[in-house]
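*Asks:* Okay, so here is target_6.pdb, and as you'll see once you scroll down, it has PDB, C-alpha atoms.
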ATOM      1  CA  ASP A   4     171.449 109.178  74.591
ATOM      2  CA  LEU A   5     169.454 106.033  75.401
ATOM      3  CA  GLU A   6     168.577 107.141  78.947
ATOM      4  CA  GLN A   7     165.329 108.615  77.639
ATOM      5  CA  PHE A   8     164.218 105.012  77.055
ATOM      6  CA  GLY A   9     165.309 103.631  80.433
ATOM      7  CA  THR A  10     168.740 102.235  79.569
ATOM      8  CA  LYS A  11     172.274 103.591  79.431
ATOM      9  CA  ASN A  12     174.654 103.664  76.488
ATOM     10  CA  GLU A  13     177.164 101.506  78.385
ATOM     11  CA  ASN A  14     174.620  98.668  78.681
ATOM     12  CA  PHE A  15     174.431  96.020  75.985
ATOM     13  CA  ASN A  16     171.568  97.462  73.932
ATOM     14  CA  ILE A  17     169.614  95.669  71.228
ATOM     15  CA  ALA A  18     167.291  97.326  68.729
ATOM     16  CA  PHE A  19     164.243  95.765  67.079
ATOM     17  CA  ILE A  20     162.423  98.008  64.612
ATOM     18  CA  ALA A  21     159.183  97.285  62.778
ATOM     19  CA  ASN A  22     155.646  98.279  62.089
ATOM     20  CA  VAL A  23     154.725  95.002  63.732
ATOM     21  CA  ARG A  24     152.815  92.338  61.891
ATOM     22  CA  PRO A  25     153.161  88.590  62.549
ATOM     23  CA  HIS A  26     155.749  88.065  59.782
ATOM     24  CA  LYS A  27     158.119  90.588  61.404
ATOM     25  CA  GLY A  28     159.082  87.896  63.925
ATOM     26  CA  LEU A  29     158.828  89.963  67.107
ATOM     27  CA  ILE A  30     157.380  86.970  68.955
ATOM     28  CA  TYR A  31     160.632  85.027  68.356
ATOM     29  CA  VAL A  32     162.753  87.931  69.549
ATOM     30  CA  LEU A  33     160.713  88.140  72.756
ATOM     31  CA  GLN A  34     160.939  84.378  73.268
ATOM     32  CA  ALA A  35     164.725  84.684  72.866
ATOM     33  CA  MET A  36     164.786  87.153  75.757
ATOM     34  CA  ARG A  37     163.943  84.325  78.180
ATOM     35  CA  ASP A  38     167.258  82.644  77.311
ATOM     36  CA  VAL A  39     169.326  85.784  77.871
ATOM     37  CA  ALA A  40     167.470  87.262  80.843
ATOM     38  CA  ASP A  41     170.475  86.429  83.049
ATOM     39  CA  LEU A  42     172.543  89.085  81.211
ATOM     40  CA  LYS A  43     171.721  91.907  83.626
ATOM     41  CA  ASP A  44     173.241  94.694  81.524
ATOM     42  CA  MET A  45     171.247  93.754  78.435
ATOM     43  CA  HIS A  46     168.308  95.898  77.308
ATOM     44  CA  ILE A  47     166.178  95.790  74.167
ATOM     45  CA  LEU A  48     164.456  98.723  72.492
ATOM     46  CA  LEU A  49     161.287  97.802  70.602
ATOM     47  CA  ILE A  50     160.757 100.606  68.121
ATOM     48  CA  GLY A  51     157.651 100.929  65.999
ATOM     49  CA  GLU A  52     153.906 100.669  66.031
ATOM     50  CA  LYS A  53     151.573  97.877  67.149
ATOM     51  CA  ILE A  54     153.962  96.484  69.752
ATOM     52  CA  SER A  55     151.867  97.267  72.854
ATOM     53  CA  GLN A  56     149.338  94.528  72.145
ATOM     54  CA  GLU A  57     148.900  90.801  72.556
ATOM     55  CA  PRO A  58     150.620  88.406  72.225
ATOM     56  CA  TYR A  59     153.657  90.686  72.691
ATOM     57  CA  ILE A  60     152.691  92.136  76.077
ATOM     58  CA  SER A  61     152.275  88.652  77.575
ATOM     59  CA  GLU A  62     155.655  87.574  76.167
ATOM     60  CA  ILE A  63     157.314  90.661  77.630
ATOM     61  CA  LYS A  64     155.783  89.964  81.057
ATOM     62  CA  SER A  65     156.923  86.333  81.043
ATOM     63  CA  SER A  66     160.421  87.035  79.651
ATOM     64  CA  GLY A  67     162.138  87.708  82.969
ATOM     65  CA  MET A  68     163.250  91.012  81.433
ATOM     66  CA  GLU A  69     160.120  93.121  81.628
ATOM     67  CA  GLU A  70     161.949  96.099  83.181
ATOM     68  CA  ARG A  71     164.673  95.905  80.495
ATOM     69  CA  ILE A  72     162.388  95.720  77.462
ATOM     70  CA  HIS A  73     161.562  99.243  76.363
ATOM     71  CA  ILE A  74     158.719 100.014  73.955
ATOM     72  CA  THR A  75     159.365 103.362  72.294
ATOM     73  CA  GLY A  76     156.514 103.514  69.797
ATOM     74  CA  PHE A  77     157.030 105.211  66.442
ATOM     75  CA  ARG A  78     160.234 107.250  66.249
ATOM     76  CA  SER A  79     161.520 109.563  63.541
ATOM     77  CA  ASP A  80     165.111 109.312  64.831
ATOM     78  CA  VAL A  81     165.586 105.583  64.217
ATOM     79  CA  PRO A  82     169.058 105.823  62.579
ATOM     80  CA  SER A  83     170.508 107.635  65.598
ATOM     81  CA  ILE A  84     168.936 105.113  67.982
ATOM     82  CA  ILE A  85     170.343 102.209  65.964
ATOM     83  CA  SER A  86     173.816 103.759  65.985
ATOM     84  CA  SER A  87     173.669 103.905  69.802
ATOM     85  CA  CYS A  88     172.815 100.202  70.064
ATOM     86  CA  ASP A  89     175.202  97.259  69.973
ATOM     87  CA  VAL A  90     173.155  95.114  67.587
ATOM     88  CA  LEU A  91     169.920  95.099  65.606
ATOM     89  CA  VAL A  92     167.750  91.996  65.456
ATOM     90  CA  HIS A  93     165.734  91.498  62.264
ATOM     91  CA  ALA A  94     163.655  88.337  62.682
ATOM     92  CA  SER A  95     161.377  88.498  59.654
ATOM     93  CA  THR A  96     159.863  85.168  58.713
ATOM     94  CA  ARG A  97     159.627  85.909  54.988
ATOM     95  CA  LYS A  98     161.285  87.884  52.212
ATOM     96  CA  GLU A  99     160.696  91.642  52.396
ATOM     97  CA  GLY A 100     162.385  93.075  49.349
ATOM     98  CA  LEU A 101     165.415  95.044  50.529
ATOM     99  CA  PRO A 102     164.912  95.701  54.270
ATOM    100  CA  ARG A 103     165.726  99.358  54.851
ATOM    101  CA  VAL A 104     166.236  98.841  58.585
ATOM    102  CA  ILE A 105     169.087  96.381  57.937
ATOM    103  CA  LEU A 106     170.724  98.851  55.542
ATOM    104  CA  GLU A 107     170.297 101.709  58.052
ATOM    105  CA  SER A 108     171.807  99.583  60.790
ATOM    106  CA  LEU A 109     174.844  98.587  58.735
ATOM    107  CA  ALA A 110     175.312 102.155  57.501
ATOM    108  CA  SER A 111     175.505 103.307  61.116
ATOM    109  CA  GLY A 112     178.066 100.632  61.971
ATOM    110  CA  THR A 113     175.677  98.428  63.938
ATOM    111  CA  PRO A 114     175.781  94.714  63.068
ATOM    112  CA  VAL A 115     172.606  92.692  62.509
ATOM    113  CA  ILE A 116     171.317  89.335  63.679
ATOM    114  CA  ALA A 117     168.904  88.399  60.899
ATOM    115  CA  SER A 118     166.716  85.447  60.047
ATOM    116  CA  ALA A 119     167.709  83.457  56.971
ATOM    117  CA  ASN A 120     165.191  84.852  54.523
ATOM    118  CA  GLU A 121     166.270  85.829  51.015
ATOM    119  CA  SER A 122     166.290  89.545  51.797
ATOM    120  CA  SER A 123     168.678  89.206  54.720
ATOM    121  CA  LEU A 124     170.908  86.727  52.923
ATOM    122  CA  GLU A 125     171.443  89.298  50.183
ATOM    123  CA  ILE A 126     172.871  91.814  52.690
ATOM    124  CA  ILE A 127     174.269  89.999  55.731
ATOM    125  CA  GLU A 128     177.496  88.036  55.470
ATOM    126  CA  ASP A 129     177.327  85.581  58.359
ATOM    127  CA  GLY A 130     180.167  86.249  60.787
ATOM    128  CA  VAL A 131     181.347  89.329  58.864
ATOM    129  CA  ASN A 132     178.773  92.125  59.320
ATOM    130  CA  GLY A 133     176.263  90.182  61.397
ATOM    131  CA  PHE A 134     174.839  86.740  61.924
ATOM    132  CA  ILE A 135     172.242  84.723  60.050
ATOM    133  CA  VAL A 136     169.956  82.513  62.153
ATOM    134  CA  PRO A 137     167.255  80.057  61.080
ATOM    135  CA  ILE A 138     163.782  81.530  60.556
ATOM    136  CA  LYS A 139     161.469  81.332  63.608
ATOM    137  CA  ASP A 140     164.328  80.161  65.851
ATOM    138  CA  ALA A 141     164.269  82.021  69.182
ATOM    139  CA  LYS A 142     167.037  79.824  70.622
ATOM    140  CA  ALA A 143     169.390  80.717  67.755
ATOM    141  CA  ILE A 144     168.635  84.427  68.197
ATOM    142  CA  ALA A 145     169.416  84.141  71.916
ATOM    143  CA  GLN A 146     172.636  82.227  71.204
ATOM    144  CA  LYS A 147     173.934  84.943  68.864
ATOM    145  CA  ILE A 148     172.945  87.723  71.282
ATOM    146  CA  ARG A 149     174.840  85.924  74.058
ATOM    147  CA  GLU A 150     177.846  85.420  71.771
ATOM    148  CA  LEU A 151     178.047  89.133  70.993
ATOM    149  CA  HIS A 152     177.454  90.091  74.619
ATOM    150  CA  ASP A 153     180.152  87.738  75.884
ATOM    151  CA  SER A 154     182.709  88.417  73.143
ATOM    152  CA  PRO A 155     183.551  92.113  72.768
ATOM    153  CA  GLN A 156     186.176  91.147  70.161
ATOM    154  CA  THR A 157     183.548  89.464  67.955
ATOM    155  CA  LEU A 158     181.219  92.454  68.332
ATOM    156  CA  LYS A 159     184.088  94.815  67.477
ATOM    157  CA  LYS A 160     184.952  92.773  64.363
ATOM    158  CA  LEU A 161     181.338  92.830  63.136
ATOM    159  CA  LYS A 162     181.094  96.585  63.789
ATOM    160  CA  GLU A 163     184.297  97.171  61.820
ATOM    161  CA  HIS A 164     182.806  95.403  58.794
ATOM    162  CA  ALA A 165     179.198  96.596  59.132
ATOM    163  CA  LYS A 166     179.619  99.463  56.646
ATOM    164  CA  ASP A 167     181.508  97.401  54.043
ATOM    165  CA  VAL A 168     178.389  96.150  52.247
ATOM    166  CA  ILE A 169     176.994  99.710  52.051
ATOM    167  CA  LYS A 170     180.272 100.993  50.623
ATOM    168  CA  GLY A 171     180.581  98.034  48.242
ATOM    169  CA  LYS A 172     177.823  96.000  46.625
ATOM    170  CA  MET A 173     174.981  98.160  48.021
ATOM    171  CA  SER A 174     176.550 101.540  47.240
ATOM    172  CA  HIS A 175     174.776 104.038  45.006
ATOM    173  CA  GLU A 176     177.650 103.821  42.534
ATOM    174  CA  THR A 177     177.491 100.026  42.296
ATOM    175  CA  THR A 178     173.699 100.062  41.992
ATOM    176  CA  ALA A 179     173.811 102.684  39.216
ATOM    177  CA  GLN A 180     176.514 100.723  37.371
ATOM    178  CA  LYS A 181     174.421  97.545  37.533
ATOM    179  CA  TYR A 182     171.420  99.417  36.089
ATOM    180  CA  ILE A 183     173.553 100.765  33.248
ATOM    181  CA  GLU A 184     174.849  97.256  32.471
ATOM    182  CA  PHE A 185     171.306  95.853  32.589
ATOM    183  CA  PHE A 186     169.953  98.437  30.153
ATOM    184  CA  LYS A 187     172.932  97.995  27.815
ATOM    185  CA  ARG A 188     172.210  94.256  27.674
ATOM    186  CA  LEU A 189     168.576  95.019  26.822
ATOM    187  CA  LEU A 190     169.617  97.343  24.025
ATOM    188  CA  THR A 191     171.950  94.774  22.466
ATOM    189  CA  LYS A 192     169.235  92.095  22.169
TER     190      LYS A 192
END
Go ahead and express the file in the form of structure tokens.

*Replies:*
Amino acid sequence: DLEQFGTKNENFNIAFIANVRPHKGLIYVLQAMRDVADLKDMHILLIGEKISQEPYISEIKSSGMEERIHITGFRSDVPSIISSCDVLVHASTRKEGLPRVILESLASGTPVIASANESSLEIIEDGVNGFIVPIKDAKAIAQKIRELHDSPQTLKKLKEHAKDVIKGKMSHETTAQKYIEFFKRLLTK
């Protein structure tokens, strides 16, 4: 139930989750909000620590969406929040290993708009389980948000395929098999 945050489940809800540092790309997500402020049923949940500070507060105030941008702070129920949202935005400006938040989002059936860093490219299939946008590109983030908002069929298609990567190449079984093959190759050298 997203009403505790000031939105309703029937709105178009976006999640952004991070322990915010500059490379997490929150500034680009907030800049994107200016270009989609006309979508009156759109809300964004900013989940994590260090969000209620500058330059983020100023960006929120100038976004034209201040009353629809909800800062939740740290939450221990992130997977259930993600599953109640329409899309997750992951705007990291650099590689982060294997981003758990993207995996959690896909596992809950929520597609991801992600910046084109190596970590995201390993998980997101553009147009299949989410969208890849250029790094530090607020306009591209806004464009993909608008596309999903305006095209329920595209959103439905991405949701239908969100779990595929978790069941396939990122599954525990596949990962274990790859480790076994790796160690066998080491032993045969």

*Asks:* Name the closest residue to Lys98 in chain A among the candidates A:Ala117, A:Val168, A:Met36, A:Met45; distances are taken between atoms, counting only C-alpha atoms.

*Replies:*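 When distances to Lys98 in chain A are compared using only C-alpha atoms, the smallest one comes from A:Ala117.
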
*Asks:* Using 12 Å as the limit and counting all atoms listed in the file, can you tabulate each residue of range 59-128 of chain A that touches range 142-159 of chain A, with its shortest atom-to-atom distance in Å and the two atoms involved, as a Markdown table?

*Replies:*
| residue | atom | partner | partner_atom | distance |
| --- | --- | --- | --- | --- |
| A:Cys88 | CA | A:Leu158 | CA | 11.6 |
| A:Asp89 | CA | A:Leu158 | CA | 7.9 |
| A:Val90 | CA | A:Ile148 | CA | 8.3 |
| A:Leu91 | CA | A:Ile148 | CA | 9.8 |
| A:Val92 | CA | A:Ile144 | CA | 8.1 |
| A:His93 | CA | A:Ile144 | CA | 9.7 |
| A:Ala94 | CA | A:Ile144 | CA | 8.4 |
| A:Ser95 | CA | A:Ile144 | CA | 11.9 |
| A:Gly112 | CA | A:Lys159 | CA | 10.0 |
| A:Thr113 | CA | A:Leu158 | CA | 9.3 |
| A:Pro114 | CA | A:Leu158 | CA | 7.9 |
| A:Val115 | CA | A:Ile148 | CA | 10.1 |
| A:Ile116 | CA | A:Ile144 | CA | 7.2 |
| A:Ala117 | CA | A:Ile144 | CA | 8.3 |
| A:Ser118 | CA | A:Ile144 | CA | 8.4 |
| A:Ala119 | CA | A:Ala143 | CA | 11.3 |

*Asks:* Would you kindly identify which residues have an atom no farther than 12 Å from (158.8, 100.7, 66.3), using only C-alpha atoms and the file's own coordinates, and write them out as a ChimeraX atom specification?

*Replies:* /A:18-24,27,29,47-55,73-81,84-85,104

*Asks:* I need the residues from that last selection saved to file as an mmCIF file, in the frame of the given file (with C-alpha atoms), if you can.

*Replies:*
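Dumped to part_16.cif:
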data_model
loop_
_atom_site.group_PDB
_atom_site.id
_atom_site.type_symbol
_atom_site.label_atom_id
_atom_site.label_comp_id
_atom_site.auth_asym_id
_atom_site.auth_seq_id
_atom_site.Cartn_x
_atom_site.Cartn_y
_atom_site.Cartn_z
ATOM 1 C CA ALA A 18 167.291 97.326 68.729
ATOM 2 C CA PHE A 19 164.243 95.765 67.079
ATOM 3 C CA ILE A 20 162.423 98.008 64.612
ATOM 4 C CA ALA A 21 159.183 97.285 62.778
ATOM 5 C CA ASN A 22 155.646 98.279 62.089
ATOM 6 C CA VAL A 23 154.725 95.002 63.732
ATOM 7 C CA ARG A 24 152.815 92.338 61.891
ATOM 8 C CA LYS A 27 158.119 90.588 61.404
ATOM 9 C CA LEU A 29 158.828 89.963 67.107
ATOM 10 C CA ILE A 47 166.178 95.790 74.167
ATOM 11 C CA LEU A 48 164.456 98.723 72.492
ATOM 12 C CA LEU A 49 161.287 97.802 70.602
ATOM 13 C CA ILE A 50 160.757 100.606 68.121
ATOM 14 C CA GLY A 51 157.651 100.929 65.999
ATOM 15 C CA GLU A 52 153.906 100.669 66.031
ATOM 16 C CA LYS A 53 151.573 97.877 67.149
ATOM 17 C CA ILE A 54 153.962 96.484 69.752
ATOM 18 C CA SER A 55 151.867 97.267 72.854
ATOM 19 C CA HIS A 73 161.562 99.243 76.363
ATOM 20 C CA ILE A 74 158.719 100.014 73.955
ATOM 21 C CA THR A 75 159.365 103.362 72.294
ATOM 22 C CA GLY A 76 156.514 103.514 69.797
ATOM 23 C CA PHE A 77 157.030 105.211 66.442
ATOM 24 C CA ARG A 78 160.234 107.250 66.249
ATOM 25 C CA SER A 79 161.520 109.563 63.541
ATOM 26 C CA ASP A 80 165.111 109.312 64.831
ATOM 27 C CA VAL A 81 165.586 105.583 64.217
ATOM 28 C CA ILE A 84 168.936 105.113 67.982
ATOM 29 C CA ILE A 85 170.343 102.209 65.964
ATOM 30 C CA VAL A 104 166.236 98.841 58.585
#

*Asks:* I'd like the interatomic distance between CA of Arg71 in chain A and CA of Thr10 in chain A, to a tenth of an Å.

*Replies:*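 Distance reported for this atom pair: 7.6 Å.
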
*Asks:* Just the number, please: distance in Å from CA of Asp129 in chain A to CA of Asp44 in chain A, one decimal.

*Replies:* 25.2 Å

*Asks:* Identify which of the residues A:Ser123, A:Leu5, A:Gly67, A:Glu107 lies closest to Val136 in chain A, counting only C-alpha atoms when measuring atom-to-atom distances.

*Replies:*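 Selected residue with least distance to Val136 in chain A: A:Ser123.
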
*Asks:* What box, with edges along x, y and z, holds each listed atom of range 143-147 of chain A when 5 Å is added on every side, and can you state its centre and edge lengths in Å to one decimal, as lines of an AutoDock Vina configuration file?

*Replies:*
center_x = 171.3
center_y = 82.8
center_z = 69.8
size_x = 15.3
size_y = 14.2
size_z = 14.2

*Asks:* Go ahead and compute the interatomic distance for CA of Asp4 in chain A and CA of Glu70 in chain A, in Å to one decimal.

*Replies:*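 Taking CA of Asp4 in chain A as the start and CA of Glu70 in chain A as the end point, the length is 18.3 Å.
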
*Asks:* I'd like to know which of A:Ile138, A:Ala110, A:Ile126, A:Ile105 is closest to Lys166 in chain A, using only C-alpha atoms.

*Replies:*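 Closest residue, counting only C-alpha atoms: A:Ala110.
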
*Asks:* Using all atoms listed in the file, which residue out of A:Ser111, A:Gln56, A:Ser61, A:Ser66 lies closest to Asp38 in chain A?

*Replies:*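 Smallest separation from Asp38 in chain A among the options: A:Ser66.
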
*Asks:* Which of these, A:Asn120, A:Asp41, A:Glu69, A:Glu6, has the shortest distance to His26 in chain A once you count all atoms listed in the file?

*Replies:*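 The shortest atom-to-atom distance to His26 in chain A comes from A:Asn120.
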
*Asks:* If I only have part of range 80-98 of chain A, can you fill in N, CA, C and O atoms and write it as a JSON list (two decimals), in the frame of the given file?

*Replies:*
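So result_26.json came out as:
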[["chain", "number", "residue", "atom", "x", "y", "z"],
["A", 80, "ASP", "N", 163.65, 109.26, 64.69],
["A", 80, "ASP", "CA", 165.11, 109.31, 64.83],
["A", 80, "ASP", "C", 165.73, 107.92, 64.90],
["A", 80, "ASP", "O", 166.74, 107.70, 65.57],
["A", 81, "VAL", "N", 165.15, 106.98, 64.17],
["A", 81, "VAL", "CA", 165.59, 105.58, 64.22],
["A", 81, "VAL", "C", 167.08, 105.41, 63.90],
["A", 81, "VAL", "O", 167.77, 104.71, 64.63],
["A", 82, "PRO", "N", 167.63, 106.04, 62.85],
["A", 82, "PRO", "CA", 169.06, 105.82, 62.58],
["A", 82, "PRO", "C", 169.97, 106.20, 63.76],
["A", 82, "PRO", "O", 170.93, 105.49, 64.05],
["A", 83, "SER", "N", 169.65, 107.27, 64.46],
["A", 83, "SER", "CA", 170.51, 107.64, 65.60],
["A", 83, "SER", "C", 170.33, 106.67, 66.76],
["A", 83, "SER", "O", 171.29, 106.40, 67.50],
["A", 84, "ILE", "N", 169.14, 106.12, 66.93],
["A", 84, "ILE", "CA", 168.94, 105.11, 67.98],
["A", 84, "ILE", "C", 169.72, 103.85, 67.64],
["A", 84, "ILE", "O", 170.42, 103.29, 68.48],
["A", 85, "ILE", "N", 169.61, 103.41, 66.39],
["A", 85, "ILE", "CA", 170.34, 102.21, 65.96],
["A", 85, "ILE", "C", 171.84, 102.39, 66.20],
["A", 85, "ILE", "O", 172.51, 101.48, 66.70],
["A", 86, "SER", "N", 172.37, 103.55, 65.85],
["A", 86, "SER", "CA", 173.82, 103.76, 65.98],
["A", 86, "SER", "C", 174.26, 103.75, 67.44],
["A", 86, "SER", "O", 175.44, 103.51, 67.72],
["A", 87, "SER", "N", 173.34, 103.96, 68.38],
["A", 87, "SER", "CA", 173.67, 103.90, 69.80],
["A", 87, "SER", "C", 173.53, 102.50, 70.38],
["A", 87, "SER", "O", 173.90, 102.28, 71.53],
["A", 88, "CYS", "N", 173.00, 101.58, 69.60],
["A", 88, "CYS", "CA", 172.82, 100.20, 70.06],
["A", 88, "CYS", "C", 173.98, 99.32, 69.63],
["A", 88, "CYS", "O", 174.72, 99.66, 68.71],
["A", 89, "ASP", "N", 174.13, 98.19, 70.30],
["A", 89, "ASP", "CA", 175.20, 97.26, 69.97],
["A", 89, "ASP", "C", 174.85, 96.37, 68.79],
["A", 89, "ASP", "O", 175.73, 95.99, 68.03],
["A", 90, "VAL", "N", 173.58, 96.03, 68.65],
["A", 90, "VAL", "CA", 173.16, 95.11, 67.59],
["A", 90, "VAL", "C", 171.68, 95.36, 67.27],
["A", 90, "VAL", "O", 170.92, 95.80, 68.14],
["A", 91, "LEU", "N", 171.31, 95.09, 66.04],
["A", 91, "LEU", "CA", 169.92, 95.10, 65.61],
["A", 91, "LEU", "C", 169.50, 93.66, 65.36],
["A", 91, "LEU", "O", 170.28, 92.89, 64.80],
["A", 92, "VAL", "N", 168.29, 93.31, 65.78],
["A", 92, "VAL", "CA", 167.75, 92.00, 65.46],
["A", 92, "VAL", "C", 166.63, 92.19, 64.44],
["A", 92, "VAL", "O", 165.71, 92.98, 64.66],
["A", 93, "HIS", "N", 166.74, 91.46, 63.33],
["A", 93, "HIS", "CA", 165.73, 91.50, 62.26],
["A", 93, "HIS", "C", 165.27, 90.06, 62.06],
["A", 93, "HIS", "O", 165.96, 89.26, 61.45],
["A", 94, "ALA", "N", 164.11, 89.73, 62.61],
["A", 94, "ALA", "CA", 163.66, 88.34, 62.68],
["A", 94, "ALA", "C", 162.53, 88.01, 61.71],
["A", 94, "ALA", "O", 161.73, 87.10, 61.95],
["A", 95, "SER", "N", 162.46, 88.70, 60.61],
["A", 95, "SER", "CA", 161.38, 88.50, 59.65],
["A", 95, "SER", "C", 161.29, 87.04, 59.20],
["A", 95, "SER", "O", 162.30, 86.39, 58.97],
["A", 96, "THR", "N", 160.07, 86.57, 59.07],
["A", 96, "THR", "CA", 159.86, 85.17, 58.71],
["A", 96, "THR", "C", 159.68, 84.96, 57.21],
["A", 96, "THR", "O", 159.47, 83.83, 56.77],
["A", 97, "ARG", "N", 159.75, 86.04, 56.44],
["A", 97, "ARG", "CA", 159.63, 85.91, 54.99],
["A", 97, "ARG", "C", 160.39, 87.03, 54.30],
["A", 97, "ARG", "O", 160.76, 88.02, 54.93],
["A", 98, "LYS", "N", 160.58, 86.88, 53.02],
["A", 98, "LYS", "CA", 161.28, 87.88, 52.21],
["A", 98, "LYS", "C", 160.54, 89.21, 52.25],
["A", 98, "LYS", "O", 159.31, 89.24, 52.21]]
